[in-house]
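One structure is given here, and the rest of the page talks about it.
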Amino acid sequence: MGAILQDVDLQAHNTLALPARAEHFAVLDELSLLDEIRAQFSAEQIHVLGGGSNLWLPERVRGLVLQVALKGKTLTREDADHRYITASAGENWHDLVLWTLAQGWGGLENLSLIPGTVGAAPVQNVGAYGVEIADRFHSLTAVNLDDGQLHIFTADMCQFAYRHSIFKRPDAGRWLITAVTFRLPRVWTPVLGYGDLAARLASGIPTPVEVADAVMAIRRSKLPDPAVIPNAGSFFHNPVVEQEVAAALKSRYPALPVYPQADGRVKLAAGWLIEQCGWKGRTLGHAGMFDKQALVLVNHGGAVSADIAAVCAAVRADVLTRFGVSLNPEPIRW
């Protein structure tokens with residue numbers, strides 16, 4: 001870790017490319033350096049930064065922005081049914097997926113090309129094409145920034161839910177995830193429940209690499225590259241509603257995609273709701289919803305936090321008025 005810097009521009013550190021400045025900024029590439037950080041800043045003053053791919057920044061961030069750059073990944077053990085791989089929090093998520101595939105280990109392929117870091121993935125319980133982090137998770141290590149002690153969290157302790165974990169609670173800022181261990185099946189079977197993926201892989205039983213290739217092709221066809229069009233990926237959670245609500249909406253809108261959940265509720269497709277309200281490709285000021293995927297909010301250049309807020313509020317209001325469903329934004333706000 002170099003010196004703690006003052007008044008640092010964060011525009012290159014968030015994929016929405018929002019102009020923002022950090023009061024203080026440092027890079028954590030060795031865990032031992034946390035003692036120095038904690039001597040100068042309280043847990044409440046520290047904002048942990050991963051890849052910035054699921055972040056909605058204000059124009060000014062008070063306290064310290066600490067970018068986690070801890071590196072390393074390894075096969076830690078095997079048993080009759082699983083392989084256990086551990087990766088440091090600063091590892092790039094997609095690079096980890098590609099590494100597992102290069103070893104011949106399936107399990108993470110449906111999560112290919114998701115931007116961000118390993119340490120951020122459990123926070124949001126990221127998921128795509130029928131697989132969530134929780135499905136492949138074994139444990140993680142995190143530092144309590146209040147006292148500097150390391151703790152191990154099992155899956156139950158993480159309280160995973162749809163795009164949620166214990167690390168998204170109001171007091172989550174006290175935890176800094178340092179490493180994550182994943183459990184990959186030795187006997188692999190593809191997860192092909194999503195229509196686009198099943199259609200691309202309809203002939204024969206695919207390999208993990210073929211599933212990954214199909215996932216990447218689908219994502220590239222629908223989602224903009226943040227390096228070309230700044231965005232934070234899916235901007236709204238898919239709403240989960242009671243069965244009665246879903247049934248009533250389905251009767252009025254037969255084309256509405258619905259996904260029954262294990263708890264008896266039903267997940268709706270936020271992108272479909274947004275598109276029906278005319279927001280696909282629509283712009284408001286310097287921001288708007290992407291023309292190929294209505295769920296993705298994009299910065300067309302020059303957008304600030306207030307522009308994102310204006311689009312977010314307008315989309316939410318239109319969906320609520322038409323469908324009676326509340327949408328919640330997915331990116332984390334500091």
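Just remember, in the structure tokens the first chain shown is A, the second B, etc., residues are 1-based per chain, and ligands are 1-based in the order shown.
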
Secondary structure check, alpha helix (DSSP H) residues of stretch 179-249 of chain A, as a list in words =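 Output for stretch 179-249 of chain A, alpha helix (DSSP H) only: Gly195, Asp196, Leu197, Ala198, Ala199, Arg200, Pro208, Val209, Glu210, Val211, Ala212, Asp213, Ala214, Val215, Met216, Ala217, Ile218, Arg219, Arg220, Ser221, Lys222, Gln243, Glu244, Val245, Ala246, Ala247, Ala248 and Leu249 of chain A.
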
Next, the residues of the selection above should be written as an mmCIF file, in the first residue's frame with N, CA, C and O atoms.
```
data_model
loop_
_atom_site.group_PDB
_atom_site.id
_atom_site.type_symbol
_atom_site.label_atom_id
_atom_site.label_comp_id
_atom_site.auth_asym_id
_atom_site.auth_seq_id
_atom_site.Cartn_x
_atom_site.Cartn_y
_atom_site.Cartn_z
ATOM 1 N N GLY A 195 -34.062 -19.903 -20.978
ATOM 2 C CA GLY A 195 -34.405 -20.182 -22.365
ATOM 3 C C GLY A 195 -33.308 -19.874 -23.359
ATOM 4 O O GLY A 195 -32.999 -20.693 -24.241
ATOM 5 N N ASP A 196 -32.696 -18.692 -23.266
ATOM 6 C CA ASP A 196 -31.646 -18.314 -24.221
ATOM 7 C C ASP A 196 -30.486 -19.296 -24.172
ATOM 8 O O ASP A 196 -29.931 -19.668 -25.216
ATOM 9 N N LEU A 197 -30.128 -19.710 -22.972
ATOM 10 C CA LEU A 197 -28.998 -20.620 -22.816
ATOM 11 C C LEU A 197 -29.345 -22.010 -23.333
ATOM 12 O O LEU A 197 -28.559 -22.638 -24.051
ATOM 13 N N ALA A 198 -30.533 -22.485 -23.007
ATOM 14 C CA ALA A 198 -30.962 -23.800 -23.473
ATOM 15 C C ALA A 198 -31.043 -23.849 -24.990
ATOM 16 O O ALA A 198 -30.675 -24.854 -25.619
ATOM 17 N N ALA A 199 -31.505 -22.761 -25.602
ATOM 18 C CA ALA A 199 -31.638 -22.718 -27.060
ATOM 19 C C ALA A 199 -30.278 -22.794 -27.746
ATOM 20 O O ALA A 199 -30.132 -23.447 -28.782
ATOM 21 N N ARG A 200 -29.278 -22.134 -27.167
ATOM 22 C CA ARG A 200 -27.947 -22.151 -27.771
ATOM 23 C C ARG A 200 -27.252 -23.498 -27.619
ATOM 24 O O ARG A 200 -26.347 -23.832 -28.390
ATOM 25 N N PRO A 208 -18.447 -27.604 -19.634
ATOM 26 C CA PRO A 208 -18.454 -26.335 -18.902
ATOM 27 C C PRO A 208 -17.958 -25.163 -19.747
ATOM 28 O O PRO A 208 -18.505 -24.058 -19.661
ATOM 29 N N VAL A 209 -16.941 -25.402 -20.560
ATOM 30 C CA VAL A 209 -16.423 -24.326 -21.416
ATOM 31 C C VAL A 209 -17.471 -23.903 -22.441
ATOM 32 O O VAL A 209 -17.637 -22.708 -22.722
ATOM 33 N N GLU A 210 -18.194 -24.864 -22.986
ATOM 34 C CA GLU A 210 -19.236 -24.515 -23.962
ATOM 35 C C GLU A 210 -20.368 -23.728 -23.308
ATOM 36 O O GLU A 210 -20.922 -22.811 -23.926
ATOM 37 N N VAL A 211 -20.705 -24.063 -22.071
ATOM 38 C CA VAL A 211 -21.713 -23.281 -21.352
ATOM 39 C C VAL A 211 -21.192 -21.864 -21.130
ATOM 40 O O VAL A 211 -21.913 -20.880 -21.345
ATOM 41 N N ALA A 212 -19.943 -21.742 -20.709
ATOM 42 C CA ALA A 212 -19.354 -20.424 -20.489
ATOM 43 C C ALA A 212 -19.344 -19.604 -21.778
ATOM 44 O O ALA A 212 -19.676 -18.412 -21.770
ATOM 45 N N ASP A 213 -18.974 -20.227 -22.877
ATOM 46 C CA ASP A 213 -18.952 -19.518 -24.163
ATOM 47 C C ASP A 213 -20.340 -19.016 -24.541
ATOM 48 O O ASP A 213 -20.497 -17.894 -25.042
ATOM 49 N N ALA A 214 -21.346 -19.849 -24.301
ATOM 50 C CA ALA A 214 -22.716 -19.445 -24.616
ATOM 51 C C ALA A 214 -23.167 -18.300 -23.715
ATOM 52 O O ALA A 214 -23.793 -17.338 -24.177
ATOM 53 N N VAL A 215 -22.851 -18.376 -22.433
ATOM 54 C CA VAL A 215 -23.209 -17.307 -21.497
ATOM 55 C C VAL A 215 -22.551 -16.002 -21.924
ATOM 56 O O VAL A 215 -23.197 -14.937 -21.955
ATOM 57 N N MET A 216 -21.285 -16.062 -22.274
ATOM 58 C CA MET A 216 -20.574 -14.847 -22.683
ATOM 59 C C MET A 216 -21.160 -14.261 -23.962
ATOM 60 O O MET A 216 -21.295 -13.038 -24.096
ATOM 61 N N ALA A 217 -21.523 -15.123 -24.903
ATOM 62 C CA ALA A 217 -22.114 -14.636 -26.155
ATOM 63 C C ALA A 217 -23.449 -13.947 -25.894
ATOM 64 O O ALA A 217 -23.743 -12.881 -26.465
ATOM 65 N N ILE A 218 -24.262 -14.532 -25.017
ATOM 66 C CA ILE A 218 -25.563 -13.931 -24.693
ATOM 67 C C ILE A 218 -25.368 -12.599 -23.985
ATOM 68 O O ILE A 218 -26.018 -11.600 -24.330
ATOM 69 N N ARG A 219 -24.469 -12.564 -23.013
ATOM 70 C CA ARG A 219 -24.242 -11.319 -22.277
ATOM 71 C C ARG A 219 -23.735 -10.219 -23.200
ATOM 72 O O ARG A 219 -24.155 -9.068 -23.103
ATOM 73 N N ARG A 220 -22.818 -10.556 -24.094
ATOM 74 C CA ARG A 220 -22.275 -9.545 -25.009
ATOM 75 C C ARG A 220 -23.314 -9.043 -25.990
ATOM 76 O O ARG A 220 -23.247 -7.903 -26.451
ATOM 77 N N SER A 221 -24.302 -9.884 -26.303
ATOM 78 C CA SER A 221 -25.342 -9.461 -27.246
ATOM 79 C C SER A 221 -26.367 -8.539 -26.599
ATOM 80 O O SER A 221 -27.061 -7.791 -27.289
ATOM 81 N N LYS A 222 -26.455 -8.593 -25.264
ATOM 82 C CA LYS A 222 -27.493 -7.829 -24.565
ATOM 83 C C LYS A 222 -26.968 -6.683 -23.726
ATOM 84 O O LYS A 222 -27.693 -5.712 -23.479
ATOM 85 N N GLN A 243 -47.772 -14.919 -4.722
ATOM 86 C CA GLN A 243 -48.398 -15.658 -5.819
ATOM 87 C C GLN A 243 -49.642 -14.964 -6.345
ATOM 88 O O GLN A 243 -49.869 -14.919 -7.568
ATOM 89 N N GLU A 244 -50.442 -14.426 -5.435
ATOM 90 C CA GLU A 244 -51.694 -13.782 -5.853
ATOM 91 C C GLU A 244 -51.430 -12.574 -6.738
ATOM 92 O O GLU A 244 -52.150 -12.331 -7.717
ATOM 93 N N VAL A 245 -50.395 -11.809 -6.384
ATOM 94 C CA VAL A 245 -50.033 -10.628 -7.181
ATOM 95 C C VAL A 245 -49.568 -11.058 -8.567
ATOM 96 O O VAL A 245 -49.983 -10.488 -9.588
ATOM 97 N N ALA A 246 -48.707 -12.079 -8.610
ATOM 98 C CA ALA A 246 -48.191 -12.566 -9.887
ATOM 99 C C ALA A 246 -49.316 -13.113 -10.762
ATOM 100 O O ALA A 246 -49.354 -12.869 -11.977
ATOM 101 N N ALA A 247 -50.238 -13.839 -10.156
ATOM 102 C CA ALA A 247 -51.347 -14.419 -10.914
ATOM 103 C C ALA A 247 -52.231 -13.334 -11.514
ATOM 104 O O ALA A 247 -52.674 -13.429 -12.671
ATOM 105 N N ALA A 248 -52.493 -12.296 -10.728
ATOM 106 C CA ALA A 248 -53.322 -11.197 -11.227
ATOM 107 C C ALA A 248 -52.639 -10.481 -12.383
ATOM 108 O O ALA A 248 -53.277 -10.146 -13.396
ATOM 109 N N LEU A 249 -51.339 -10.247 -12.260
ATOM 110 C CA LEU A 249 -50.605 -9.582 -13.336
ATOM 111 C C LEU A 249 -50.532 -10.468 -14.579
ATOM 112 O O LEU A 249 -50.670 -9.991 -15.712
#
```

Excluding A:Ala161 and its own-chain neighbours fewer than 3 positions away, which residues fall within 8 Å of it when counting only C-alpha atoms? Please give them as a PDB file with N, CA and C atoms, in the first residue's frame.
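Final output, saved to result22.pdb:
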```pdb
ATOM      1  N   ASN A 125     -24.554 -11.547  -3.537  1.00  0.00           N
ATOM      2  CA  ASN A 125     -24.985 -12.889  -3.950  1.00  0.00           C
ATOM      3  C   ASN A 125     -25.289 -12.863  -5.450  1.00  0.00           C
ATOM      4  N   HIS A 164     -28.810 -10.594  -2.110  1.00  0.00           N
ATOM      5  CA  HIS A 164     -28.691 -10.075  -0.752  1.00  0.00           C
ATOM      6  C   HIS A 164     -27.840 -11.003   0.113  1.00  0.00           C
ATOM      7  N   SER A 165     -27.189 -10.413   1.109  1.00  0.00           N
ATOM      8  CA  SER A 165     -26.458 -11.165   2.121  1.00  0.00           C
ATOM      9  C   SER A 165     -26.380 -10.308   3.374  1.00  0.00           C
TER      10      SER A 165
END
```

Find the residues near A:Leu223: any atom within 10 Å, counting only C-alpha atoms, skip ones fewer than 6 places away on the same chain, and give them as a PyMOL selection string.
-> chain A and resi 229+231+233-234+290-296

Would you save the residues of that selection, restricted to N, CA and C atoms, as an mmCIF file, in the first residue's frame?
```
data_model
loop_
_atom_site.group_PDB
_atom_site.id
_atom_site.type_symbol
_atom_site.label_atom_id
_atom_site.label_comp_id
_atom_site.auth_asym_id
_atom_site.auth_seq_id
_atom_site.Cartn_x
_atom_site.Cartn_y
_atom_site.Cartn_z
ATOM 1 N N ILE A 229 -19.716 2.003 -23.125
ATOM 2 C CA ILE A 229 -20.891 2.730 -22.633
ATOM 3 C C ILE A 229 -20.958 2.507 -21.126
ATOM 4 N N ASN A 231 -21.902 1.803 -17.463
ATOM 5 C CA ASN A 231 -23.119 1.261 -16.868
ATOM 6 C C ASN A 231 -22.742 0.429 -15.651
ATOM 7 N N GLY A 233 -24.405 -2.559 -15.049
ATOM 8 C CA GLY A 233 -25.109 -3.818 -15.256
ATOM 9 C C GLY A 233 -26.591 -3.657 -14.970
ATOM 10 N N SER A 234 -27.229 -4.724 -14.539
ATOM 11 C CA SER A 234 -28.655 -4.656 -14.211
ATOM 12 C C SER A 234 -28.855 -3.639 -13.098
ATOM 13 N N PHE A 290 -30.733 1.267 -21.558
ATOM 14 C CA PHE A 290 -30.043 0.770 -22.742
ATOM 15 C C PHE A 290 -31.026 0.300 -23.813
ATOM 16 N N ASP A 291 -30.679 0.530 -25.076
ATOM 17 C CA ASP A 291 -31.612 0.210 -26.156
ATOM 18 C C ASP A 291 -31.693 -1.284 -26.483
ATOM 19 N N LYS A 292 -30.787 -2.101 -25.939
ATOM 20 C CA LYS A 292 -30.858 -3.544 -26.169
ATOM 21 C C LYS A 292 -31.323 -4.318 -24.934
ATOM 22 N N GLN A 293 -31.351 -3.662 -23.788
ATOM 23 C CA GLN A 293 -31.761 -4.317 -22.544
ATOM 24 C C GLN A 293 -32.273 -3.238 -21.601
ATOM 25 N N ALA A 294 -33.583 -3.240 -21.397
ATOM 26 C CA ALA A 294 -34.216 -2.164 -20.636
ATOM 27 C C ALA A 294 -33.846 -2.166 -19.160
ATOM 28 N N LEU A 295 -33.215 -3.233 -18.690
ATOM 29 C CA LEU A 295 -32.859 -3.321 -17.276
ATOM 30 C C LEU A 295 -31.552 -2.585 -16.964
ATOM 31 N N VAL A 296 -30.823 -2.206 -17.988
ATOM 32 C CA VAL A 296 -29.495 -1.609 -17.807
ATOM 33 C C VAL A 296 -29.565 -0.094 -17.966
#
```

So which residues touch A:Gly148 within 8 Å, counting only C-alpha atoms, skipping near sequence neighbours fewer than 3 positions away, as a PyMOL selection string?
-> chain A and resi 34-35+38+143-145

Just list the residues in stretch 109-232 of chain A DSSP gives strand (DSSP E or B) on the backbone, as a count of residues only.
-> 33

Tell me which of A:Leu96, A:Ala232, A:Ile274, A:Leu113 sits closest to A:His13, counting only C-alpha atoms.
->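 Of all the options, A:Ala232 lies closest to A:His13.
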
Compile the contact shell of stretch 253-268 of chain A as a VMD selection string: residues with an atom at most 12 Å away, counting only C-alpha atoms, same-chain residues fewer than 2 positions apart removed.
-> chain A and resid 130 161 to 162 193 to 195 236 to 251 270 to 276 322 to 323 325 to 327

Just to be explicit: take each residue in the selection above, keep C-alpha atoms, and write the result as a compact mmCIF listing (two decimals), in the first residue's frame.
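Printed below is out_7.txt as written:
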```
# COMPACT_ATOMS: atom_id res chain seq x y z
CA GLY A 130 -29.84 -20.03 -12.97
CA ALA A 161 -31.09 -14.37 -0.42
CA TYR A 162 -31.89 -13.01 -3.85
CA GLY A 193 -32.84 -23.57 -17.14
CA TYR A 194 -32.86 -20.21 -18.90
CA GLY A 195 -34.40 -20.18 -22.37
CA PHE A 236 -32.95 -2.88 -10.72
CA HIS A 237 -33.64 -6.05 -8.79
CA ASN A 238 -36.15 -8.41 -10.33
CA PRO A 239 -39.10 -7.92 -7.95
CA VAL A 240 -40.33 -10.91 -5.96
CA VAL A 241 -44.06 -10.82 -5.24
CA GLU A 242 -46.72 -12.99 -3.67
CA GLN A 243 -48.40 -15.66 -5.82
CA GLU A 244 -51.69 -13.78 -5.85
CA VAL A 245 -50.03 -10.63 -7.18
CA ALA A 246 -48.19 -12.57 -9.89
CA ALA A 247 -51.35 -14.42 -10.91
CA ALA A 248 -53.32 -11.20 -11.23
CA LEU A 249 -50.61 -9.58 -13.34
CA LYS A 250 -50.23 -12.70 -15.50
CA SER A 251 -53.96 -12.70 -16.23
CA ALA A 270 -37.92 -6.16 -14.14
CA GLY A 271 -36.58 -5.61 -17.64
CA TRP A 272 -39.90 -6.66 -19.17
CA LEU A 273 -41.85 -4.33 -16.87
CA ILE A 274 -39.55 -1.43 -17.71
CA GLU A 275 -39.75 -2.10 -21.43
CA GLN A 276 -43.56 -2.16 -21.36
CA ARG A 322 -48.80 0.70 -14.51
CA PHE A 323 -48.17 -2.58 -12.71
CA VAL A 325 -44.94 -3.20 -8.51
CA SER A 326 -42.09 -1.42 -6.73
CA LEU A 327 -38.61 -1.68 -8.23
```

Pick from A:Ile177, A:Ala306, A:Cys312, A:Ala69, whichever lies nearest to A:Phe153 using only C-alpha atoms = A:Ile177

Could you give me, as a ChimeraX atom specification, the residues within 12 Å of A:Asp156, counting only C-alpha atoms and dropping anything in the same chain fewer than 6 positions from it?
-> /A:134-135,137-140,165-166

Could you turn the residues from that selection into a file that holds C-alpha atoms, as an mmCIF file, in the first residue's frame?
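After the write, selection.cif holds the following:
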```
data_model
loop_
_atom_site.group_PDB
_atom_site.id
_atom_site.type_symbol
_atom_site.label_atom_id
_atom_site.label_comp_id
_atom_site.auth_asym_id
_atom_site.auth_seq_id
_atom_site.Cartn_x
_atom_site.Cartn_y
_atom_site.Cartn_z
ATOM 1 C CA ALA A 134 -24.817 -19.146 -2.774
ATOM 2 C CA ASP A 135 -25.060 -22.303 -4.917
ATOM 3 C CA PHE A 137 -20.274 -21.020 -1.828
ATOM 4 C CA HIS A 138 -18.456 -22.737 1.031
ATOM 5 C CA SER A 139 -17.119 -19.981 3.303
ATOM 6 C CA LEU A 140 -15.380 -16.626 3.421
ATOM 7 C CA SER A 165 -26.458 -11.165 2.121
ATOM 8 C CA ILE A 166 -25.663 -10.145 5.668
#
```

Name the closest residue to A:Ile308 among the candidates A:Ala121, A:Leu201, A:Leu57, A:Leu66; distances are taken between atoms, counting only C-alpha atoms.
-> A:Leu57

Per residue of stretch 137-229 of chain A within 6 Å of stretch 79-94 of chain A, which atom pair is closest and at what distance in Å (one decimal), using only C-alpha atoms, listed by chain and increasing number, as CSV?
```
residue,atom,partner,partner_atom,distance
A:Thr178,CA,A:Ala89,CA,4.9
A:Ala179,CA,A:Ser88,CA,4.2
A:Val180,CA,A:Thr86,CA,5.5
A:Thr181,CA,A:Thr86,CA,4.1
A:Phe182,CA,A:Ile85,CA,5.3
A:Arg183,CA,A:Tyr84,CA,4.7
A:Leu184,CA,A:Arg83,CA,5.1
A:Pro185,CA,A:His82,CA,4.6
A:Arg186,CA,A:His82,CA,5.0
```

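Once A:Ala12 and its same-chain neighbours fewer than 5 positions away are set aside, Ala17, Leu18, Pro19, Ala20, Arg21, Gly51, Gly52, Ser53, Leu57, Pro226, Ala227 and Pro230 of chain A remain within 12 Å of it when counting only C-alpha atoms.
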
Pull C-alpha atoms from the residues just selected and write them as an mmCIF file, in the first residue's frame.
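What ended up in result.cif:
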```
data_model
loop_
_atom_site.group_PDB
_atom_site.id
_atom_site.type_symbol
_atom_site.label_atom_id
_atom_site.label_comp_id
_atom_site.auth_asym_id
_atom_site.auth_seq_id
_atom_site.Cartn_x
_atom_site.Cartn_y
_atom_site.Cartn_z
ATOM 1 C CA ALA A 17 -18.128 6.620 -14.842
ATOM 2 C CA LEU A 18 -19.734 9.066 -12.442
ATOM 3 C CA PRO A 19 -17.541 11.990 -11.410
ATOM 4 C CA ALA A 20 -16.787 11.592 -7.734
ATOM 5 C CA ARG A 21 -13.947 12.472 -5.433
ATOM 6 C CA GLY A 51 -14.182 -3.317 -9.084
ATOM 7 C CA GLY A 52 -16.751 -0.514 -8.833
ATOM 8 C CA SER A 53 -19.169 -2.401 -11.089
ATOM 9 C CA LEU A 57 -21.329 7.169 -6.169
ATOM 10 C CA PRO A 226 -18.720 -0.480 -19.516
ATOM 11 C CA ALA A 227 -15.493 0.600 -21.210
ATOM 12 C CA PRO A 230 -20.591 3.308 -18.872
#
```

Counting only C-alpha atoms, the option among A:Leu5, A:Gly104, A:Glu78, A:Leu150 closest to A:Ser32 =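 Using only C-alpha atoms, A:Ser32 sits closest to A:Leu150.
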
Which distance in Å separates atom CA of A:Thr283 and atom CA of A:Ala269, to one decimal?
-> 21.0 Å

Length of the atom CA of A:Leu70 to atom CA of A:Thr117 vector [Å] |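 Going from atom CA of A:Leu70 over to atom CA of A:Thr117 covers 10.2 Å.
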
Separation of atom CA of A:His300 from atom CA of A:Gln67 in Å = 26.1 Å

Proximity to A:Gly63 - best of A:Pro331, A:Val311, A:Gln6, A:Arg163, only C-alpha atoms = A:Gln6

Quick one: of A:Gly127, A:Gly324, A:Pro122, A:Gly301, who's nearest to A:Gln159, counting only C-alpha atoms?
-> A:Pro122
